[in-house]
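As stored in final-v9.txt (compact mmCIF, C-alpha atoms):
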```txt
# COMPACT_ATOMS: atom_id res chain seq x y z
CA MET A 1 65.12 40.65 8.18
CA VAL A 2 66.95 37.33 8.45
CA ALA A 3 66.30 35.61 11.73
CA GLN A 4 69.28 35.33 14.05
CA GLU A 5 70.11 31.82 15.27
CA GLU A 6 71.82 31.49 18.63
CA THR A 7 73.57 28.23 17.81
CA GLN A 8 74.51 26.17 14.78
CA LYS A 9 72.40 23.19 15.89
CA THR A 10 69.99 23.52 12.96
CA PHE A 11 72.83 23.33 10.44
CA LYS A 12 75.29 20.45 10.55
CA ASP A 13 76.11 19.23 7.04
CA ILE A 14 77.10 22.42 5.25
CA ARG A 15 80.09 21.20 3.28
CA LEU A 16 80.90 24.37 1.33
CA GLY A 17 82.18 27.54 2.97
CA PHE A 18 83.18 30.89 1.50
CA ILE A 19 85.24 33.63 3.13
CA GLY A 20 84.90 37.14 1.74
CA GLY A 21 87.76 39.63 1.92
CA THR A 22 87.89 43.41 1.72
CA GLY A 23 84.76 44.71 -0.01
CA PHE A 24 83.18 41.25 -0.18
CA TYR A 25 80.80 41.30 2.77
CA THR A 26 77.62 39.66 1.45
CA LEU A 27 76.74 36.62 -0.61
CA ASN A 28 74.39 37.56 -3.45
CA GLY A 29 72.42 35.41 -5.87
CA LEU A 30 71.43 32.73 -3.37
CA LYS A 31 68.48 32.30 -1.04
CA VAL A 32 69.56 33.38 2.44
CA LEU A 33 68.10 31.12 5.11
CA SER A 34 69.62 32.44 8.30
CA GLU A 35 72.57 34.00 10.08
CA VAL A 36 74.17 31.98 12.84
CA SER A 37 76.20 33.39 15.71
CA ILE A 38 78.65 30.75 16.90
CA GLU A 39 80.88 30.71 19.96
CA THR A 40 83.88 28.39 19.65
CA PRO A 41 86.50 27.33 22.22
CA TRP A 42 88.71 29.97 20.57
CA GLY A 43 86.14 32.74 20.86
CA SER A 44 83.77 34.32 18.36
CA PRO A 45 84.35 34.57 14.60
CA SER A 46 84.48 37.90 12.78
CA GLY A 47 80.71 38.06 12.58
CA PRO A 48 77.58 36.01 11.99
CA ILE A 49 77.84 33.26 9.40
CA THR A 50 75.30 33.52 6.59
CA ILE A 51 73.60 30.25 5.65
CA ALA A 52 72.27 30.24 2.09
CA GLU A 53 70.59 27.68 -0.14
CA THR A 54 71.61 26.95 -3.73
CA GLU A 55 69.27 26.17 -6.62
CA SER A 56 70.08 22.50 -6.05
CA GLY A 57 68.86 22.74 -2.48
CA ASN A 58 72.28 22.42 -0.86
CA LYS A 59 73.34 24.79 1.90
CA VAL A 60 76.51 26.89 1.91
CA ALA A 61 78.12 29.09 4.54
CA PHE A 62 79.57 32.58 4.06
CA LEU A 63 81.72 34.59 6.46
CA ALA A 64 83.09 38.11 5.99
CA ARG A 65 86.69 37.86 7.21
CA HIS A 66 86.83 41.44 8.52
CA GLY A 67 83.26 41.52 9.81
CA PRO A 68 80.13 42.81 8.04
CA GLY A 69 81.33 46.41 8.20
CA HIS A 70 85.08 45.78 7.92
CA SER A 71 85.65 46.51 11.60
CA VAL A 72 88.51 44.04 12.15
CA LEU A 73 92.11 44.68 11.08
CA PRO A 74 94.06 41.80 9.47
CA SER A 75 96.17 41.26 12.60
CA GLU A 76 93.06 41.30 14.79
CA VAL A 77 91.00 38.72 12.90
CA ASN A 78 90.22 35.70 15.08
CA TYR A 79 91.28 33.24 12.40
CA ARG A 80 91.00 30.24 14.73
CA ALA A 81 87.40 31.06 15.58
CA ASN A 82 86.57 31.68 11.91
CA ILE A 83 87.87 28.29 10.79
CA ALA A 84 86.55 26.43 13.83
CA ALA A 85 83.07 27.92 13.40
CA LEU A 86 82.92 26.87 9.75
CA LYS A 87 84.21 23.41 10.66
CA SER A 88 81.48 23.07 13.30
CA LEU A 89 78.86 23.53 10.57
CA GLY A 90 80.32 20.62 8.63
CA VAL A 91 82.40 22.63 6.16
CA GLN A 92 84.89 20.47 4.27
CA VAL A 93 85.90 22.94 1.54
CA ILE A 94 86.64 26.66 1.83
CA LEU A 95 87.03 29.00 -1.12
CA ALA A 96 88.35 32.32 0.18
CA PHE A 97 88.71 35.70 -1.51
CA SER A 98 91.26 38.40 -0.73
CA ALA A 99 92.29 41.81 -2.05
CA VAL A 100 95.99 41.86 -2.95
CA GLY A 101 98.71 44.04 -4.39
CA SER A 102 100.38 42.85 -7.59
CA LEU A 103 104.14 42.26 -7.65
CA ARG A 104 104.25 41.42 -11.37
CA GLU A 105 103.68 43.59 -14.45
CA GLU A 106 101.59 40.87 -16.07
CA ILE A 107 99.19 40.74 -13.10
CA GLN A 108 97.19 43.87 -13.75
CA PRO A 109 94.82 45.56 -11.31
CA GLY A 110 91.54 43.69 -11.65
CA ASP A 111 93.20 40.36 -12.42
CA PHE A 112 92.70 37.32 -10.19
CA VAL A 113 95.45 34.92 -9.09
CA LEU A 114 94.89 31.40 -7.76
CA ILE A 115 98.07 31.21 -5.69
CA ASP A 116 99.63 27.82 -5.03
CA GLN A 117 102.41 28.91 -2.65
CA ILE A 118 102.69 31.29 0.31
CA ILE A 119 105.54 33.16 2.01
CA ASP A 120 104.81 34.03 5.63
CA ARG A 121 105.97 37.54 6.56
CA THR A 122 103.68 37.97 9.56
CA LYS A 123 105.36 38.73 12.87
CA GLY A 124 104.14 36.05 15.24
CA VAL A 125 101.43 38.19 16.82
CA ARG A 126 98.60 36.14 15.31
CA ALA A 127 97.38 32.94 16.92
CA ASP A 128 98.27 30.50 14.15
CA SER A 129 97.58 27.03 15.55
CA PHE A 130 94.68 25.29 17.23
CA PHE A 131 97.19 23.44 19.41
CA THR A 132 98.83 26.46 21.03
CA GLY A 133 98.27 26.38 24.77
CA THR A 134 96.40 23.06 24.76
CA GLY A 135 99.15 20.79 26.03
CA VAL A 136 98.71 18.72 22.87
CA THR A 137 101.49 18.92 20.29
CA ALA A 138 101.00 18.30 16.58
CA HIS A 139 102.65 19.27 13.29
CA ALA A 140 100.65 19.73 10.10
CA SER A 141 102.13 19.19 6.64
CA PHE A 142 102.14 22.50 4.77
CA GLY A 143 104.44 22.00 1.78
CA GLU A 144 101.49 22.50 -0.57
CA PRO A 145 99.44 25.11 1.33
CA VAL A 146 96.60 25.37 -1.20
CA SER A 147 94.49 22.64 -2.78
CA ALA A 148 95.55 22.03 -6.39
CA ALA A 149 92.24 20.30 -7.16
CA LEU A 150 90.16 23.19 -5.84
CA ARG A 151 92.27 25.74 -7.72
CA GLU A 152 91.81 23.76 -10.94
CA LEU A 153 88.05 23.51 -10.45
CA VAL A 154 87.77 27.28 -9.99
CA PHE A 155 90.09 28.02 -12.91
CA GLN A 156 87.87 26.00 -15.25
CA HIS A 157 85.23 28.70 -14.81
CA SER A 158 87.42 31.61 -15.91
CA ALA A 159 85.04 32.25 -18.81
CA ALA A 160 82.53 33.61 -16.30
CA VAL A 161 84.67 36.76 -16.07
CA PRO A 162 86.08 37.22 -19.62
CA GLN A 163 86.93 40.87 -18.97
CA ILE A 164 89.85 39.93 -16.67
CA ALA A 165 92.71 37.46 -16.61
CA ILE A 166 92.74 34.67 -14.05
CA HIS A 167 96.27 33.46 -13.40
CA LYS A 168 96.35 29.75 -12.59
CA SER A 169 99.21 29.87 -10.09
CA GLY A 170 101.50 32.20 -8.19
CA THR A 171 103.21 32.84 -4.90
CA GLY A 172 101.56 35.08 -2.34
CA VAL A 173 103.36 36.98 0.40
CA CYS A 174 101.39 37.50 3.59
CA MET A 175 102.59 40.57 5.49
CA GLU A 176 101.51 41.83 8.89
CA GLY A 177 100.02 45.21 8.03
CA PRO A 178 98.01 47.30 8.42
CA ALA A 179 100.53 49.61 6.69
CA PHE A 180 101.50 48.60 3.17
CA SER A 181 105.02 47.67 2.03
CA THR A 182 107.90 50.05 1.54
CA ARG A 183 109.32 50.13 -1.99
CA ALA A 184 112.41 48.26 -0.76
CA GLU A 185 110.26 45.51 0.73
CA SER A 186 108.13 45.28 -2.39
CA ASN A 187 111.22 44.86 -4.57
CA MET A 188 112.64 42.28 -2.16
CA TYR A 189 109.48 40.19 -2.51
CA ARG A 190 109.74 40.48 -6.28
CA SER A 191 113.32 39.20 -6.10
CA TRP A 192 112.00 36.18 -4.20
CA GLY A 193 109.69 35.36 -7.11
CA ALA A 194 106.48 36.38 -5.35
CA SER A 195 103.44 37.28 -7.43
CA VAL A 196 101.07 39.11 -5.07
CA ILE A 197 100.96 40.38 -1.49
CA ASN A 198 98.16 40.42 1.07
CA MET A 199 97.63 40.45 4.84
CA THR A 200 95.31 37.51 5.55
CA CYS A 201 96.19 34.19 3.91
CA ILE A 202 98.35 33.39 6.96
CA PRO A 203 97.27 31.93 9.34
CA GLU A 204 93.94 31.28 7.60
CA SER A 205 95.39 28.68 5.24
CA LYS A 206 97.45 27.04 8.01
CA LEU A 207 94.44 26.68 10.27
CA ALA A 208 92.34 25.25 7.45
CA ARG A 209 95.05 22.64 6.94
CA GLU A 210 95.13 21.79 10.64
CA ALA A 211 91.34 21.44 10.56
CA GLU A 212 91.60 19.09 7.54
CA ILE A 213 89.63 21.50 5.36
CA THR A 214 90.36 21.73 1.64
CA TYR A 215 91.29 25.37 1.02
CA ALA A 216 92.02 27.71 -1.88
CA ILE A 217 92.12 31.49 -2.12
CA VAL A 218 91.25 33.78 -5.01
CA CYS A 219 93.58 36.79 -4.88
CA MET A 220 92.04 39.90 -6.43
CA ALA A 221 94.63 42.48 -7.52
CA THR A 222 93.78 46.09 -6.71
CA ASP A 223 97.10 47.83 -7.48
CA TYR A 224 100.81 47.33 -8.18
CA ASP A 225 101.94 47.58 -4.55
CA ALA A 226 104.95 49.90 -4.06
CA TRP A 227 107.58 48.55 -6.47
CA ARG A 228 106.49 50.22 -9.70
CA GLU A 229 108.27 53.52 -10.35
CA SER A 230 107.17 54.12 -13.93
CA GLU A 231 104.07 56.08 -13.00
CA GLU A 232 102.47 58.04 -10.17
CA PRO A 233 101.50 56.05 -7.10
CA VAL A 234 97.98 54.67 -7.22
CA THR A 235 95.36 56.72 -5.39
CA VAL A 236 92.92 55.38 -2.82
CA ALA A 237 90.06 56.35 -5.14
CA GLU A 238 91.52 54.24 -7.95
CA VAL A 239 92.02 51.28 -5.62
CA MET A 240 88.45 51.50 -4.34
CA ASN A 241 87.07 51.63 -7.88
CA THR A 242 89.10 48.56 -8.86
CA MET A 243 88.01 46.80 -5.68
CA LYS A 244 84.36 47.39 -6.52
CA GLY A 245 84.83 45.71 -9.89
CA ASN A 246 86.82 42.89 -8.29
CA VAL A 247 84.01 42.05 -5.88
CA ALA A 248 81.44 41.95 -8.69
CA ASN A 249 83.73 39.62 -10.67
CA ALA A 250 84.38 37.48 -7.60
CA LYS A 251 80.67 36.94 -7.07
CA SER A 252 80.23 36.04 -10.76
CA LEU A 253 83.09 33.54 -10.56
CA LEU A 254 81.73 32.01 -7.35
CA LEU A 255 78.24 31.53 -8.78
CA ALA A 256 79.65 30.04 -11.99
CA ALA A 257 81.81 27.54 -10.11
CA LEU A 258 79.16 26.70 -7.51
CA PRO A 259 77.36 23.87 -9.37
CA ASP A 260 80.63 22.01 -9.92
CA LEU A 261 81.68 22.69 -6.34
CA GLU A 262 78.42 21.18 -5.17
CA LYS A 263 78.91 18.11 -7.35
CA ALA A 264 82.42 17.73 -5.98
CA VAL A 265 81.45 17.82 -2.30
CA TYR A 266 78.02 16.17 -2.37
CA SER A 267 78.98 13.14 -4.47
CA ASP A 268 81.62 10.42 -4.71
CA ALA A 269 83.84 12.99 -6.42
CA ALA A 270 84.28 14.60 -3.00
CA MET A 271 86.92 11.99 -2.29
CA LEU A 272 88.99 13.35 -5.17
CA LEU A 273 88.66 16.96 -4.04
CA THR A 274 89.16 16.52 -0.31
CA LYS A 275 91.28 13.36 -0.13
CA PRO A 276 94.65 15.12 0.50
CA GLU A 277 93.25 16.92 3.56
CA THR A 278 90.89 14.28 4.96
CA GLY A 279 92.69 12.40 7.72
CA SER A 280 95.87 14.40 7.19
CA MET A 281 96.27 15.04 10.94
CA GLN A 282 95.87 11.40 11.92
CA TYR A 283 99.60 10.90 12.45
CA ALA A 284 100.46 14.50 13.34
CA PHE A 285 100.27 14.12 17.11
CA GLN A 286 103.59 13.86 18.92
CA GLN A 287 102.48 12.47 22.28
CA THR A 288 100.81 9.29 23.36
CA PRO A 289 97.20 9.92 24.45
CA ASP A 290 98.07 9.49 28.13
CA LYS A 291 100.56 12.37 27.88
CA GLN A 292 98.09 14.76 26.28
CA SER A 293 96.33 17.32 28.43
CA SER A 294 92.76 16.29 29.27
CA GLU A 295 91.59 19.91 29.10
CA GLY A 296 93.37 20.39 25.80
CA LYS A 297 91.81 17.28 24.32
CA LEU A 298 88.37 18.45 25.38
CA LYS A 299 88.96 21.78 23.60
CA LEU A 300 90.32 20.15 20.46
CA ARG A 301 87.40 17.74 20.28
CA TYR A 302 85.40 20.67 18.90
CA ILE A 303 87.17 20.35 15.55
CA PHE A 304 88.71 16.87 15.90
CA PRO A 305 85.94 14.64 17.31
CA GLN A 306 87.42 11.68 15.46
CA TYR A 307 90.76 12.00 17.30
CA PHE A 308 89.71 13.09 20.77
```
Representation of the structure as structure tokens:
Amino acid sequence: MVAQEETQKTFKDIRLGFIGGTGFYTLNGLKVLSEVSIETPWGSPSGPITIAETESGNKVAFLARHGPGHSVLPSEVNYRANIAALKSLGVQVILAFSAVGSLREEIQPGDFVLIDQIIDRTKGVRADSFFTGTGVTAHASFGEPVSAALRELVFQHSAAVPQIAIHKSGTGVCMEGPAFSTRAESNMYRSWGASVINMTCIPESKLAREAEITYAIVCMATDYDAWRESEEPVTVAEVMNTMKGNVANAKSLLLAALPDLEKAVYSDAAMLLTKPETGSMQYAFQQTPDKQSSEGKLKLRYIFPQYF
């Protein structure tokens, strides 16, 4: 049994974080050191964060987005706490994984997509900014919502999963859920040029950007969503079988990319990988310091100690 840690005090320079999506609840192939339960100013994350050690001796953090037993719906995930907790451990780079529906014939169930753009179709019920309610206003740049350098690094390890195709780019739609799309909606997203659809990349990616964390997401196709009329609708059993294979492939891809990820974040090359995000909020604040709420600044200091 892994010992439970009450705080993250023991772990402070964990630069790599991974977020597992549906079906991806544990991190295999690494030496697990501990599980930390962290309370942030925005509440508790989805569950304990697993701290593991690589063969090189570096530590990484893993969090199951929906909780260890998938007990949290997409709209109920405390995305702010998830990102803030990882940031408090020192995480500078997050590679996330998510089950998605395919909106393109060429993206077959089982394929992975490293999306580079996102369309937000959530409904405003999710807390999507660290600044909401703080009395401190700021605007993050989000034109390129996913790190191109991190996507490229992961893509270079496609050979680790030769049985599937990994698509280097694409546009992801993030819908509210938990119900899936209607056929009309699915076809509308196709007409917009979208590639895949999921329920979690917003606000996760936005919050990572606010927190100055380099972020990319591996989208794992389970089915063709609702648009395809040429065959019978996919069954839950078929989706679950595909999902099982996806998770195994995701873990293989992660372990293959891990040595290069470590080199990128624990060496001078880290500047190349994280440079676009590092310091990106420096000029985002709209008020002079004397106009910012003292209570809000105290709260934000948790993730922005350099600014507050």
So, with all atoms listed in the file as the atoms that count, which of A:Val32, A:Glu238, A:Thr54, A:Pro45 lies closest to Glu76 (chain A)?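 With all atoms listed in the file as the atom set, the closest residue is A:Pro45.
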Skip Met188 (chain A) itself and residues of its chain fewer than 3 positions away, then list as a PDB file with C-alpha atoms, in the coordinates of the input all residues within 12 Å of it, counting all atoms listed in the file.
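Everything below was put into around.pdb:
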```
ATOM      1  CA  LEU A 103     104.140  42.260  -7.650  1.00  0.00           C
ATOM      2  CA  ARG A 121     105.970  37.540   6.560  1.00  0.00           C
ATOM      3  CA  VAL A 173     103.360  36.980   0.400  1.00  0.00           C
ATOM      4  CA  SER A 181     105.020  47.670   2.030  1.00  0.00           C
ATOM      5  CA  THR A 182     107.900  50.050   1.540  1.00  0.00           C
ATOM      6  CA  ARG A 183     109.320  50.130  -1.990  1.00  0.00           C
ATOM      7  CA  ALA A 184     112.410  48.260  -0.760  1.00  0.00           C
ATOM      8  CA  GLU A 185     110.260  45.510   0.730  1.00  0.00           C
ATOM      9  CA  SER A 191     113.320  39.200  -6.100  1.00  0.00           C
ATOM     10  CA  TRP A 192     112.000  36.180  -4.200  1.00  0.00           C
ATOM     11  CA  GLY A 193     109.690  35.360  -7.110  1.00  0.00           C
ATOM     12  CA  ALA A 194     106.480  36.380  -5.350  1.00  0.00           C
ATOM     13  CA  SER A 195     103.440  37.280  -7.430  1.00  0.00           C
ATOM     14  CA  ILE A 197     100.960  40.380  -1.490  1.00  0.00           C
ATOM     15  CA  ALA A 226     104.950  49.900  -4.060  1.00  0.00           C
ATOM     16  CA  TRP A 227     107.580  48.550  -6.470  1.00  0.00           C
TER      17      TRP A 227
END
```
Nearest to Arg65 (chain A) among A:Leu300, A:Val77, A:Leu27, A:Leu89, with distances taken over all atoms listed in the file: which residue is it? A:Val77
Each residue of region 166-253 of chain A with at least one atom at most 8 Å from region 277-289 of chain A should appear once, together with its nearest atom pair and the corresponding distance in Å (one decimal); atoms considered: only C-alpha atoms; ordering: chain, then increasing residue number; output as a tab-separated table.
```
residue	atom	partner	partner_atom	distance
A:Arg209	CA	A:Glu277	CA	6.9
A:Glu210	CA	A:Met281	CA	6.9
A:Glu212	CA	A:Glu277	CA	4.8
A:Ile213	CA	A:Glu277	CA	6.1
A:Thr214	CA	A:Glu277	CA	5.9
```
Could you tell me which of A:Leu255, A:Met199, A:Ala250, A:Leu272 comes closest to Pro178 (chain A) if we count only C-alpha atoms? A:Met199
Best match for closeness to Tyr302 (chain A) among A:Ala159, A:Ile166, A:Ala257, A:Ala211, counting all atoms listed in the file: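 Among A:Ala159, A:Ile166, A:Ala257, A:Ala211, it is A:Ala211 that comes nearest to Tyr302 (chain A).
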Excluding region 290-299 of chain A and residues on its chain fewer than 2 positions from it, collect all residues at most 8 Å away from it, counting only C-alpha atoms, and give them as a PDB file with C-alpha atoms, in the frame of the given file.
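around37.pdb, freshly written:
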```pdb
ATOM      1  CA  PRO A  41      86.500  27.330  22.220  1.00  0.00           C
ATOM      2  CA  GLY A 133      98.270  26.380  24.770  1.00  0.00           C
ATOM      3  CA  THR A 134      96.400  23.060  24.760  1.00  0.00           C
ATOM      4  CA  GLY A 135      99.150  20.790  26.030  1.00  0.00           C
ATOM      5  CA  VAL A 136      98.710  18.720  22.870  1.00  0.00           C
ATOM      6  CA  GLN A 287     102.480  12.470  22.280  1.00  0.00           C
ATOM      7  CA  THR A 288     100.810   9.290  23.360  1.00  0.00           C
ATOM      8  CA  ARG A 301      87.400  17.740  20.280  1.00  0.00           C
ATOM      9  CA  TYR A 302      85.400  20.670  18.900  1.00  0.00           C
ATOM     10  CA  PHE A 308      89.710  13.090  20.770  1.00  0.00           C
TER      11      PHE A 308
END
```
What does the distance between CA of Gln306 (chain A) and CA of Phe130 (chain A) come to in Å, to one decimal place?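 Going from CA of Gln306 (chain A) over to CA of Phe130 (chain A), I get 15.5 Å.
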Around the point (86.7, 30.0, 11.4) in the file's coordinates, collect all residues with an atom within 9 Å, using all atoms listed in the file, and return them as a list in words.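 Returned residue set, sorted by chain then number, is Thr40, Ser44, Pro45, Ser46, Leu63, Arg65, Asn78, Tyr79, Arg80, Ala81, Asn82, Ile83, Ala84, Ala85, Leu86, Lys87, Ser88, Glu204, Leu207 and Ala208 of chain A.
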Could you list, as a VMD selection string, every residue within 10 Å of Asn241 (chain A), counting only C-alpha atoms and ignoring same-chain residues fewer than 4 positions away? chain A and resid 110 222 236 to 237 245 to 246
If we count only C-alpha atoms and set the cut-off at 6 Å, which residues sit around Val218 (chain A), ignoring sequence neighbours fewer than 3 positions away in its own chain? Please answer as a list in words.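 These residues fall inside the cut-off: Phe97, Val113 and Leu114 of chain A.
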Expressed in Å, the length from CA of Asn28 (chain A) to CA of Ala216 (chain A) is 20.3 Å
One number please: CA of Gln163 (chain A) to CA of Asn58 (chain A), in Å, one decimal.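 If I compute the distance from CA of Gln163 (chain A) to CA of Asn58 (chain A), I get 29.7 Å.
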Which protein, DNA or RNA residues have an atom at most 12 Å from (86.1, 43.0, 1.3), counting all atoms listed in the file? List them as a ChimeraX atom specification. /A:19-27,63-74,96-100,200,219-220,222,240,242-248,250-251
Out of A:Ser102, A:Ser141, A:Ser186, A:Ser129, which residue has the shortest atom-to-atom distance to His167 (chain A) when counting all atoms listed in the file? A:Ser102
Using only C-alpha atoms: which of A:Ser147, A:Ser230, A:Ser56, A:Ser267 has the shortest distance to Ile94 (chain A): A:Ser147
Skip Val265 (chain A) itself and residues of its chain fewer than 6 positions away, then list as a PDB file with C-alpha atoms, in the frame of the given file all residues within 10 Å of it, counting all atoms listed in the file.
```
ATOM      1  CA  ILE A  14      77.100  22.420   5.250  1.00  0.00           C
ATOM      2  CA  ARG A  15      80.090  21.200   3.280  1.00  0.00           C
ATOM      3  CA  LEU A  16      80.900  24.370   1.330  1.00  0.00           C
ATOM      4  CA  VAL A  91      82.400  22.630   6.160  1.00  0.00           C
ATOM      5  CA  GLN A  92      84.890  20.470   4.270  1.00  0.00           C
ATOM      6  CA  VAL A  93      85.900  22.940   1.540  1.00  0.00           C
ATOM      7  CA  MET A 271      86.920  11.990  -2.290  1.00  0.00           C
ATOM      8  CA  LEU A 272      88.990  13.350  -5.170  1.00  0.00           C
ATOM      9  CA  LEU A 273      88.660  16.960  -4.040  1.00  0.00           C
ATOM     10  CA  THR A 274      89.160  16.520  -0.310  1.00  0.00           C
TER      11      THR A 274
END
```
